[in-house]
Structure formats: structure tokens, C-alpha cells
file start_36.cif (mmCIF, C-alpha atoms)
data_my_file
loop_
_atom_site.label_atom_id
_atom_site.label_comp_id
_atom_site.auth_asym_id
_atom_site.auth_seq_id
_atom_site.Cartn_x
_atom_site.Cartn_y
_atom_site.Cartn_z
CA GLY A 25 0.00 0.00 0.00
CA ALA A 26 0.90 3.64 -0.17
CA GLY A 27 1.45 3.97 3.55
CA VAL A 28 0.98 2.32 6.92
CA SER A 29 -2.70 1.61 7.43
CA GLN A 30 -4.28 1.26 10.86
CA SER A 31 -7.78 0.29 11.94
CA PRO A 32 -9.95 1.22 13.61
CA SER A 33 -9.10 4.90 13.55
CA ASN A 34 -11.23 5.45 16.64
CA LYS A 35 -12.47 2.98 19.23
CA VAL A 36 -14.53 3.58 22.34
CA THR A 37 -14.80 0.57 24.61
CA GLU A 38 -16.07 -0.20 28.05
CA LYS A 39 -13.67 -0.93 30.86
CA GLY A 40 -12.99 -4.66 31.08
CA LYS A 41 -13.58 -5.39 27.40
CA ASP A 42 -10.91 -6.67 25.02
CA VAL A 43 -9.84 -4.68 21.95
CA GLU A 44 -7.86 -5.52 18.84
CA LEU A 45 -5.99 -2.93 16.83
CA ARG A 46 -4.75 -3.73 13.35
CA CYS A 47 -1.73 -2.49 11.42
CA ASP A 48 -0.98 -3.08 7.75
CA PRO A 49 2.61 -1.99 7.09
CA ILE A 50 4.08 -0.64 3.88
CA SER A 51 4.57 -3.46 1.42
CA GLY A 52 8.08 -4.93 1.61
CA HIS A 53 8.86 -3.49 5.03
CA THR A 54 10.29 -6.16 7.30
CA ALA A 55 10.34 -4.15 10.53
CA LEU A 56 7.13 -3.21 12.34
CA TYR A 57 6.76 -1.18 15.54
CA TRP A 58 3.96 -0.36 17.95
CA TYR A 59 4.06 2.78 20.10
CA ARG A 60 1.59 4.29 22.54
CA GLN A 61 1.08 8.03 22.90
CA SER A 62 -1.02 9.38 25.73
CA LEU A 63 -2.47 12.88 25.32
CA GLY A 64 0.34 15.42 25.16
CA GLN A 65 2.97 12.82 25.90
CA GLY A 66 5.83 11.12 24.08
CA LEU A 67 6.13 7.95 22.03
CA GLU A 68 6.20 4.96 24.37
CA PHE A 69 7.73 1.88 22.74
CA LEU A 70 5.58 -1.24 23.06
CA ILE A 71 6.82 -3.98 20.74
CA TYR A 72 9.02 -4.49 17.68
CA PHE A 73 8.99 -7.17 14.96
CA GLN A 74 11.89 -7.73 12.57
CA GLY A 75 11.43 -10.36 9.88
CA ASN A 76 11.21 -13.84 11.31
CA SER A 77 13.12 -13.00 14.49
CA ALA A 78 11.51 -13.23 17.89
CA PRO A 79 9.76 -9.94 18.66
CA ASP A 80 11.15 -7.49 21.20
CA LYS A 81 8.30 -7.31 23.73
CA SER A 82 10.24 -5.36 26.33
CA GLY A 83 7.95 -2.32 26.13
CA LEU A 84 4.62 -4.03 26.76
CA PRO A 85 3.31 -2.49 29.99
CA SER A 86 1.52 -5.57 31.35
CA ASP A 87 0.47 -9.10 30.44
CA ARG A 88 -2.87 -7.68 29.26
CA PHE A 89 -1.04 -6.48 26.16
CA SER A 90 0.03 -8.80 23.37
CA ALA A 91 0.81 -8.53 19.68
CA GLU A 92 1.35 -10.81 16.78
CA ARG A 93 2.44 -10.46 13.21
CA THR A 94 1.14 -12.99 10.79
CA GLY A 95 3.03 -13.92 7.65
CA GLY A 96 5.53 -11.15 8.24
CA SER A 97 2.98 -8.51 7.26
CA VAL A 98 -0.18 -7.50 9.13
CA SER A 99 0.08 -7.07 12.89
CA THR A 100 -2.59 -7.09 15.58
CA LEU A 101 -2.17 -5.49 19.00
CA THR A 102 -4.57 -6.95 21.56
CA ILE A 103 -5.42 -5.36 24.89
CA GLN A 104 -7.35 -7.59 27.26
CA ARG A 105 -9.56 -6.36 30.10
CA THR A 106 -9.04 -2.73 29.15
CA GLN A 107 -8.52 -0.12 31.84
CA GLN A 108 -9.07 3.63 31.68
CA GLU A 109 -5.31 4.22 31.72
CA ASP A 110 -5.10 2.33 28.42
CA SER A 111 -6.77 5.31 26.72
CA ALA A 112 -4.25 6.67 24.22
CA VAL A 113 -3.32 6.76 20.57
CA TYR A 114 -1.70 3.52 19.44
CA LEU A 115 0.70 4.22 16.59
CA CYS A 116 2.07 1.57 14.29
CA ALA A 117 5.14 2.17 12.14
CA SER A 118 7.16 0.18 9.64
CA SER A 119 10.56 0.39 8.01
CA PHE A 120 12.42 -1.42 5.25
CA SER A 121 14.60 -2.91 7.97
CA SER A 122 15.78 -1.90 11.40
CA GLY A 123 18.12 1.06 11.45
CA ASN A 124 16.20 2.85 8.71
CA THR A 125 13.50 5.48 8.46
CA ILE A 126 10.25 4.43 10.06
CA TYR A 127 6.90 5.57 8.70
CA PHE A 128 3.94 5.99 11.00
CA GLY A 129 0.30 5.20 10.45
CA GLU A 130 -2.43 7.65 11.44
CA GLY A 131 -2.93 5.81 14.71
CA SER A 132 -5.83 4.17 16.49
CA TRP A 133 -7.42 6.45 19.09
CA LEU A 134 -8.60 4.26 21.96
CA THR A 135 -10.92 5.56 24.65
CA VAL A 136 -11.84 3.33 27.58
CA VAL A 137 -14.94 4.46 29.45
CA GLY B 22 18.36 -1.22 25.63
CA GLU B 23 18.71 2.23 24.14
CA ASN B 24 17.76 5.26 26.25
CA VAL B 25 17.28 8.64 24.58
CA GLU B 26 17.02 11.86 26.54
CA GLN B 27 15.81 15.10 24.99
CA HIS B 28 16.00 18.74 26.11
CA PRO B 29 14.31 21.11 26.50
CA SER B 30 10.77 19.81 26.93
CA THR B 31 9.36 23.16 25.81
CA LEU B 32 10.92 25.93 23.75
CA SER B 33 9.47 29.28 22.79
CA VAL B 34 11.18 31.56 20.26
CA GLN B 35 10.34 34.66 18.28
CA GLU B 36 9.73 34.29 14.58
CA GLY B 37 13.04 34.58 12.75
CA ASP B 38 15.14 33.36 15.67
CA SER B 39 16.92 30.01 15.78
CA ALA B 40 15.85 26.98 17.81
CA VAL B 41 18.10 24.20 19.07
CA ILE B 42 16.98 20.88 20.53
CA LYS B 43 19.48 18.45 22.04
CA CYS B 44 19.43 14.70 22.56
CA THR B 45 21.72 12.16 24.15
CA TYR B 46 21.70 8.40 23.69
CA SER B 47 23.15 5.52 25.66
CA ASP B 48 23.85 2.67 23.21
CA SER B 49 27.16 3.13 21.44
CA ALA B 50 25.94 0.70 18.74
CA SER B 51 23.29 3.18 17.60
CA ASN B 52 24.09 4.49 14.15
CA TYR B 53 20.92 6.08 12.84
CA PHE B 54 19.42 9.26 14.31
CA PRO B 55 16.18 10.64 12.82
CA TRP B 56 14.13 13.65 13.85
CA TYR B 57 10.35 13.70 13.61
CA LYS B 58 7.88 16.58 13.67
CA GLN B 59 4.40 16.00 15.02
CA GLU B 60 1.68 18.59 14.49
CA LEU B 61 -1.37 18.56 16.70
CA GLY B 62 -3.57 15.54 16.04
CA LYS B 63 -1.32 14.17 13.33
CA ARG B 64 1.22 11.39 12.97
CA PRO B 65 4.95 12.03 13.48
CA GLN B 66 6.73 12.69 10.19
CA LEU B 67 10.43 12.52 9.41
CA ILE B 68 12.07 15.91 8.80
CA ILE B 69 15.76 15.01 8.74
CA ASP B 70 18.05 12.16 9.72
CA ILE B 71 21.75 11.48 10.10
CA ARG B 72 23.89 8.38 10.15
CA SER B 73 26.96 7.86 12.25
CA ASN B 74 29.39 8.19 9.38
CA VAL B 75 28.79 11.95 9.13
CA GLY B 76 28.93 14.73 11.68
CA GLU B 77 26.47 17.18 10.16
CA LYS B 78 23.64 17.29 7.67
CA LYS B 79 21.68 20.26 6.43
CA ASP B 80 18.41 20.65 4.55
CA GLN B 81 17.38 24.27 3.92
CA ARG B 82 16.55 25.78 7.33
CA ILE B 83 17.13 22.63 9.36
CA ALA B 84 20.37 20.92 10.27
CA VAL B 85 21.43 18.09 12.51
CA THR B 86 24.81 17.59 14.16
CA LEU B 87 26.13 14.39 15.68
CA ASN B 88 28.92 13.84 18.19
CA LYS B 89 29.45 10.09 18.45
CA THR B 90 32.16 10.38 21.07
CA ALA B 91 29.88 12.27 23.43
CA LYS B 92 26.78 10.39 22.23
CA HIS B 93 24.73 13.44 21.55
CA PHE B 94 23.02 14.98 18.57
CA SER B 95 21.16 18.21 18.00
CA LEU B 96 18.51 19.72 15.74
CA HIS B 97 18.97 23.29 14.58
CA ILE B 98 16.17 25.29 12.97
CA THR B 99 17.12 28.71 11.61
CA GLU B 100 14.82 31.59 10.63
CA THR B 101 11.93 29.99 12.45
CA GLN B 102 8.39 30.48 11.17
CA PRO B 103 5.03 30.02 12.93
CA GLU B 104 4.44 26.85 10.91
CA ASP B 105 7.49 25.33 12.62
CA SER B 106 5.42 25.20 15.82
CA ALA B 107 4.98 21.52 16.68
CA VAL B 108 6.38 18.76 18.87
CA TYR B 109 9.77 17.47 17.76
CA PHE B 110 11.08 14.01 18.63
CA CYS B 111 14.61 12.69 18.31
CA ALA B 112 15.29 8.97 18.04
CA ALA B 113 18.14 6.50 17.91
CA SER B 114 18.47 3.05 16.41
CA SER B 115 21.05 0.50 15.39
CA GLY B 116 20.72 -2.11 12.68
CA ASN B 117 19.81 -4.76 15.20
CA ASN B 118 17.16 -3.24 17.37
CA ASP B 119 14.13 -1.04 17.58
CA MET B 120 13.76 2.73 17.36
CA ARG B 121 13.64 4.56 20.69
CA PHE B 122 12.40 8.12 20.98
CA GLY B 123 13.15 11.05 23.21
CA ALA B 124 10.32 12.56 25.25
CA GLY B 125 9.71 15.35 22.77
CA THR B 126 10.12 19.12 22.63
CA ARG B 127 7.12 21.40 22.18
CA LEU B 128 8.34 24.29 20.03
CA THR B 129 6.28 27.47 19.85
CA VAL B 130 7.25 30.15 17.35
CA LYS B 131 5.65 33.48 18.23
CA PRO B 132 4.85 35.79 15.33
#

call {"tool": "encode", "arguments": {"input": "start_36.cif", "output": "C-alpha cells"}}
result
Amino acid sequence: GAGVSQSPSNKVTEKGKDVELRCDPISGHTALYWYRQSLGQGLEFLIYFQGNSAPDKSGLPSDRFSAERTGGSVSTLTIQRTQQEDSAVYLCASSFSSGNTIYFGEGSWLTVV
Amino acid sequence: GENVEQHPSTLSVQEGDSAVIKCTYSDSASNYFPWYKQELGKRPQLIIDIRSNVGEKKDQRIAVTLNKTAKHFSLHITETQPEDSAVYFCAASSGNNDMRFGAGTRLTVKP
């Protein structure tokens, strides 16, 4: 595709429900990143996939968060039993490989009520 | 893992003045240092980057300098304009790991 595509663009969910956020990276990009950005805050690293290597999950804030990348392309970030503090923009990015320019999607705005 | 620190957190300048944002990194293996600009409600977008084999790079009104020995790099914006107002993020990465970002600098250019 022309750019990194994320869905949904906006999601309002009730506390305690599970949510899935999807990222479709730029075609041919082997590296994929998830970041979280709370209102007015910085880019908090969550997880990183590079090719077929084991993902770097060191940024996931709790075991309620998980992510997978199927077939080396599309990625899904899952948040179980959502809490109000999970409310944020979840940004996905991809790059041709690690150590190169990363391109961000528009983000998924998650609100937990 | 990599740790990137960024200063200042906020910066206010008069239109036409210069702005400088500084970052330090911890991983000596890092060799790629991009800068991103994020306007309100939008995604971060790359404005300039530098690799470790050069010490300075310039693109019109923006420039980046890198000191590998001291592990710091800086963004310089000259002749600032109101449309430069945004949040700027520095980042560092090596060929083997993820991209880590600084906390961001909110730049305000007053007309």
C-alpha cells in the first residue's frame, strides 16, 4: 500500500472489554513497531517485529497487552480487560529494515470508558 | 536497551530566531538518528536524519549535528516560522534493534 494503514481509527470501549488494533505496514517493510502516545505525551515503545526474528516485547506495559504479526505482514495489537489508563493513541510504524526510516500510520485512538 | 534523553521539553522563540533541541543516547551501537515533527492531532513525520558516518547534515533551514564520542546529537532550525510550531522528537536506532524516541520538545514560534 501507499502507507501504513491502521484500523480502527477510533475505538470507544467499556472498561474490562478486550480490543484488537490492526496495522498493515508498507509493502516490503520487514520491521514493524507499535508505540503508545497518551495525550500530550511522548512515544512509548511497546513492541518491535523484525522479519522472522523473535519480537522485542520489552515495552509491553503488562500481560494484558500482546501482539502478533502474521506472515511477516499485518500485525494485531490486543489489549485484554481494558482499563481507563489504556486510553491513548496507538501508533504503528514500519521500516524497510531496522536502522532505517520508520513511517507511522495515522494511529488508532482508543478511549476506555 | 537504548535510552534517549531530549531537552528542553518546551521551547518558545520569536519568529526569525533560531531553535536548538538536544538529545543524548546511551547505546554506542546506535548508528541512525532521525528527527520527527508531530503537528497537533497528526502522525509524526520525518524531517531530517543522520547516520553515524557523518557529523552534520543540512536541509534548507534545518540541520542536525552528531557527536558520536559524546553520544549526543542536536537539531537546529534557523529563521523559524510560525508553521514550525509543533512537537519534535529525536530517536536512535542500530541495525539490530528497535527505534527509541526522546520525550519530545514542544516548540512554539511566536509571530

call {"tool": "atom_distance", "arguments": {"input": "start_36.cif", "atom1": "CA of Leu96 in chain B", "atom2": "CA of Ser30 in chain B"}}
result
13.6 Å

call {"tool": "atom_distance", "arguments": {"input": "start_36.cif", "atom1": "CA of His28 in chain B", "atom2": "CA of Gln65 in chain A"}}
result
14.3 Å

call {"tool": "residues_near_point", "arguments": {"input": "start_36.cif", "point": "(1.4, 6.4, 22.0)", "cutoff": "9 Å", "atoms": "all atoms listed in the file", "output": "list of chain:residue names"}}
result
A:Trp58, A:Tyr59, A:Arg60, A:Gln61, A:Ser62, A:Leu63, A:Gln65, A:Gly66, A:Leu67, A:Glu68, A:Phe69, A:Leu70, A:Ala112, A:Val113, A:Tyr114, A:Leu115, A:Gly131

call {"tool": "atom_distance", "arguments": {"input": "start_36.cif", "atom1": "CA of Ser33 in chain B", "atom2": "CA of Ala113 in chain B"}}
result
24.9 Å

call {"tool": "resolve_selection", "arguments": {"input": "start_36.cif", "expression": "the PyMOL selection byres ((chain A) within 6 of (chain B))", "output": "PyMOL selection string"}}
result
chain A and resi 66+122-123+130

call {"tool": "residues_around", "arguments": {"input": "start_36.cif", "residues": "Cys44 in chain B", "least_positions_apart": "4", "cutoff": "8 Å", "atoms": "all atoms listed in the file", "output": "ChimeraX atom specification"}}
result
/B:25-28,93-95,111,123

call {"tool": "write_last_selection", "arguments": {"input": "start_36.cif", "atoms": "C-alpha atoms", "output": "mmCIF file, in the coordinates of the input"}}
result
data_model
loop_
_atom_site.group_PDB
_atom_site.id
_atom_site.type_symbol
_atom_site.label_atom_id
_atom_site.label_comp_id
_atom_site.auth_asym_id
_atom_site.auth_seq_id
_atom_site.Cartn_x
_atom_site.Cartn_y
_atom_site.Cartn_z
ATOM 1 C CA VAL B 25 17.280 8.640 24.580
ATOM 2 C CA GLU B 26 17.020 11.860 26.540
ATOM 3 C CA GLN B 27 15.810 15.100 24.990
ATOM 4 C CA HIS B 28 16.000 18.740 26.110
ATOM 5 C CA HIS B 93 24.730 13.440 21.550
ATOM 6 C CA PHE B 94 23.020 14.980 18.570
ATOM 7 C CA SER B 95 21.160 18.210 18.000
ATOM 8 C CA CYS B 111 14.610 12.690 18.310
ATOM 9 C CA GLY B 123 13.150 11.050 23.210
#
